[in-house]
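S.K.: I am attaching a structure below and will ask some questions about it afterwards.
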Protein chains: 2
Amino acid sequence: MRSEDDRLSQTFAALANSTRRAILARLAEGEATVNELAEPFDMSLPAISKHIRVLERAGLITQGQKAQYRPCNIDVTPLEEISRWTEQYRHIWEARFDLMDDYINQLSGNQPKEI
Amino acid sequence: MRSEDDRLSQTFAALANSTRRAILARLAEGEATVNELAEPFDMSLPAISKHIRVLERAGLITQGQKAQYRPCNIDVTPLEEISRWTEQYRHIWEARFDLMDDYINQLSGNQPKEI
């Protein structure tokens, strides 16, 4: 079994490409075949298939087993993991917004809130 | 100016490495010099410096300008961007939890909630 650290690295690496993110955005609307996924991109089928394999290895999509028609589906489990990972930093950007509020209050002549 | 797509790709690529994520976790606690950042890792200073440069190029850390003592600081702006990007998929994993709740209710003999 891959460690959580390895899984996160693989998810982040898979998302570091705008075509792969666009494929996920399309699959969020419903399943699609490789041909359907390739349509909006000026890209060969083998190039799209390669992106799909990267997403599949990262657990972000699953592909059906029917012989000719193998629809792809999104699996959001790895996205949920990176969402949880990112949450640990939320207090930092929220604290920055609070500081900005205080500064704007000072500029407009109001006192920052008493604690 | 880099496009939002390029910025997201660069952020995801920078985060696709467990050492770089550990450096960010350390900096979330407060500023640190390159030597302090290198300490917990069995890695040469040049190797750590290389990771720091990747994080700096992605806008995830800033480095002070004082000659000998150049402390690194975290900048969470790119993390906030990927948090917003991930949020667009939240409804999918939340819907999955709702389905799971209904299934557990059925197993335990309860009817799923009427809509």
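Convention: chains lettered A, B, ... in structure tokens order; per-chain residue numbering from 1; ligands numbered from 1 as shown.
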Skipping near chain neighbours, those fewer than 3 positions away, what residues fall within 7 Å of stretch 16-33 of chain B using only C-alpha atoms, listed as a PyMOL selection string?

M.R.: (chain A and resi 5+9-10+12-13) or (chain B and resi 12-13+36-37+51+69-74)

S.K.: Pick out the residues sitting within 9 Å of stretch 76-92 of chain A, and hand them over as a list in words; count only C-alpha atoms, and ignore anything fewer than 4 positions along from it in its own chain.

M.R.: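 Near stretch 76-92 of chain A, the qualifying residues are Arg7, Leu8, Thr11, Phe12, Ala28, Ala58, Gly59, Leu60, Ile61, Arg96 and Phe97 of chain A; Ala25, Ala28, Asp75, Val76, Leu79, Glu80, Ile82, Ser83, Thr86, Glu87, Tyr89, Arg90, Ile92 and Trp93 of chain B.
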
S.K.: Select, from A:Asp42, A:Asp101, A:Glu56, A:Asp6, the residue with the minimum atom-to-atom distance to chain B, counting only C-alpha atoms.

M.R.: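 For chain B, the nearest of the candidates is A:Asp6.
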
S.K.: Would you work out the distance separating atom CA of B:Asn35 from atom CA of B:Gln63, expressed in Å to one decimal?

M.R.: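 Interatomic distance here is 13.1 Å.
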
S.K.: I'd like to know which of B:Ala47, B:Ala95, B:Leu107, B:Met100 is closest to chain A, using only C-alpha atoms.

M.R.: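 For chain A, the nearest of the given residues is B:Ala95.
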
S.K.: Could you pull out the strand (DSSP E) residues of stretch 49-104 of chain B, going by DSSP on the backbone, and write them as a PyMOL selection string?

M.R.: chain B and resi 61-63+72-74

S.K.: Atom CA of B:Leu45 to atom CA of B:Gly64: how many Å, to one decimal?

M.R.: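 Between atom CA of B:Leu45 and atom CA of B:Gly64 the gap is 17.7 Å.
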
S.K.: Pick out the closest residue to chain B from this set: A:Asp102, A:Val54, A:Glu94, A:Ser44. Count only C-alpha atoms.

M.R.: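 Among A:Asp102, A:Val54, A:Glu94, A:Ser44, it is A:Glu94 that comes nearest to chain B.
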
S.K.: Rank B:Leu15, B:Gln106, B:Glu4, B:Ile52 by their smallest atom-to-atom distance to chain A, using only C-alpha atoms, and report the top residue only.

M.R.: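 Of the candidates, the smallest distance to chain A is held by B:Leu15.
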
S.K.: Find the distance between atom CA of B:Arg57 and atom CA of B:Ala14 and write it in Å to one decimal.

M.R.: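 Computing it gives 8.7 Å between the two atoms.
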
S.K.: Using only C-alpha atoms, which residue out of A:Gly109, A:Leu99, A:Val34, A:Ile104 lies closest to A:Lys50?

M.R.: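 Of A:Gly109, A:Leu99, A:Val34, A:Ile104, the one nearest A:Lys50 is A:Val34, counting only C-alpha atoms.
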